[in-house]
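Colleague: Quick one: the structure is below, questions incoming.
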Amino acid sequence: MAGQDYYSILGCERGASAEDLKKAYRKLAMQHHPDRNPGDKAAEQKFKEISHAYDVLKDDQKRAAYDRYGAAAFENGSGRGGPGGGFEFNFGAGFADIFEEMFGMGGAANARRQQQGSGRGSDLRYNLEISLEEAFNGSEARIRVPSSIACEDCSGSGAASGSKPITCPACQGRGRMRAQQGFFTVERTCSQCQGAGKVIENPCRKCSGAGRVRQERTLQVKIPAGVEDGTRIRLAGEGEAGMRGAATGDLYVFLSLRQHEIFQRDGANIFCRVPIPMTSAALGGQIEVPTVDGTRARITIPAGVQSGHQFRLRGKGMSVMRSAVRGDMYVQAMIETPVNLTAKQRDLLKEFEKAGGSKPTSPESEGFFSRVKEIWREMKD
């Protein structure tokens with residue numbers, strides 16, 4: 001059938017739908033079926049041509065291959081399905097390029113990428129806990145990482161001194177093996193060389209041919225100012241060494257912030273709850289509060305401040321990564337009620353309560369109980 005047009009055999013246009021192809025095939029198949037034309041060799045041959053053409057065009061993938069490469073894509077090899085049982089659909093040749101164009105994968109290009117990446121060292125993860133002050137100022141941490149490094153005896157090749165790896169005889173250095181499974185040609189990593197394309201005949205004694213050995217390494221990690229909980233730092237090439245000279249993996253350091261005794265962080269802002277004596281809250285005054293940068297800040301307390309009131313200190317919060325800007329600090333007043341009063345203190349408080357008269361001294365409680373009285377009156381009405 002070389003050079004023949006499958007669409008013309010079925011009497012259809014190239015843009016024909018699947019339903020049109022099916023109708024045309026059924027009509028021609030009934031007309032040229034050998035049972036209806038006993039002893040007619042021409043009808044038998046025509047029936048085979050029709051069946052083969054429809055078998056190709058009814059399948060979307062086969063049809064795409066035919067539209068691109070013509071009948072030649074189906075008339076080499078010794079597979080089943082064509083006239084006389086002689087066609088094979090080969091994914092390993094031109095049709096693989098369709099996947100390369102459509103999905104960026106498949107075919108020889110994919111095999112080359114897999115071979116280049118074969119044996120790459122694993123990426124490693126290290127969890128590092130730091131203080132809030134270290135996150136604010138930035139710091140440098142010294143960590144010990146159990147990992148694999150290139151073998152010094154064989155310089156990472158895996159071969160003993162005086163020898164070198166040879167081309168894998170199983171895959172001829174491709175690192176991939178092809179196997180025919182019915183209609184498809186399947187590619188797999190070579191089991192003999194594990195995708196490296198080379199094998200070790202005389203392995204290094206120290207690393208047993210792996211090209212790497214286990215060893216704990218000490219690394220310095222620079223922590224930039226302003227990092228947040230969950231920040232990931234990538235150290236390129238500091239992961240495990242690759243097999244037999246392959247690329248080294250990366251090390252990822254994940255940061256977590258230790259809970260602080262005084263401060264709570266929310267992004268670039270810092271929050272702090274400060275206890276204030278009842279007398280200072282009533283009369284007013286000044287207090288000093290610590291800040292995350294190690295200094296102190298002075299706050300003026302207005303007379304009559306209520307518990308929960310927040311004071312904002314601009315620019316006293318956390319550092320922002322890669323910026324000279326700082327967040328703000330919010331100080332929340334927590335009014336303390338005195339305990340273990342002396343008899344004199346009790347008497348003074350009673351005198352204070354009596355001296356209140358009709359003028360409210362506690363605005364929040366006065367407002368609350370006023371609303372309660374209104375609710376009770378509404379319920380009675």
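We label chains A, B, ... in the order they appear in the structure tokens, count residues from 1 in each chain, and number ligands from 1 in the order shown.
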Check region 121-255 of chain A with DSSP on the backbone and list each residue it calls helix (DSSP H, G or I), as a list in words.

Modeller: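 Listing helix (DSSP H, G or I) positions across region 121-255 of chain A yields Leu132, Glu133, Glu134, Ala135, Phe136, Asn137, Met243, Arg244 and Gly245 of chain A.
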
Colleague: Produce a file of the selected residues containing C-alpha atoms, as a PDB file, in the first residue's frame.

Modeller:
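And here is the file that came out, result.pdb:
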ATOM      1  CA  LEU A 132      13.373  35.834  67.117  1.00  0.00           C
ATOM      2  CA  GLU A 133      16.439  37.979  67.732  1.00  0.00           C
ATOM      3  CA  GLU A 134      18.436  35.948  65.167  1.00  0.00           C
ATOM      4  CA  ALA A 135      15.622  36.404  62.658  1.00  0.00           C
ATOM      5  CA  PHE A 136      15.646  40.157  63.359  1.00  0.00           C
ATOM      6  CA  ASN A 137      19.399  40.720  63.137  1.00  0.00           C
ATOM      7  CA  MET A 243      26.606   8.463  41.300  1.00  0.00           C
ATOM      8  CA  ARG A 244      29.940   8.143  39.481  1.00  0.00           C
ATOM      9  CA  GLY A 245      30.529  11.804  38.884  1.00  0.00           C
TER      10      GLY A 245
END

Colleague: May I have all residues of region 103-271 of chain A that DSSP, computed from the backbone, assigns to strand (DSSP E), given as a VMD selection string?

Modeller: chain A and resid 124 to 130 139 to 150 166 to 167 176 to 181 184 to 189 198 to 199 212 to 223 232 to 235 251 to 257 263 to 266 269 to 271

Colleague: Using only C-alpha atoms, which residue out of A:Pro203, A:Gln194, A:Arg26, A:Ala282 lies closest to Gly162 (chain A)?

Modeller: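 Of all the options, A:Pro203 lies closest to Gly162 (chain A).
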
Colleague: List the spatial neighbours of Val213 (chain A) as number ranges by chain - criterion: any atom at most 6 Å away, only C-alpha atoms, same-chain residues fewer than 5 positions off excluded.

Modeller: A: 148-149, 151, 207
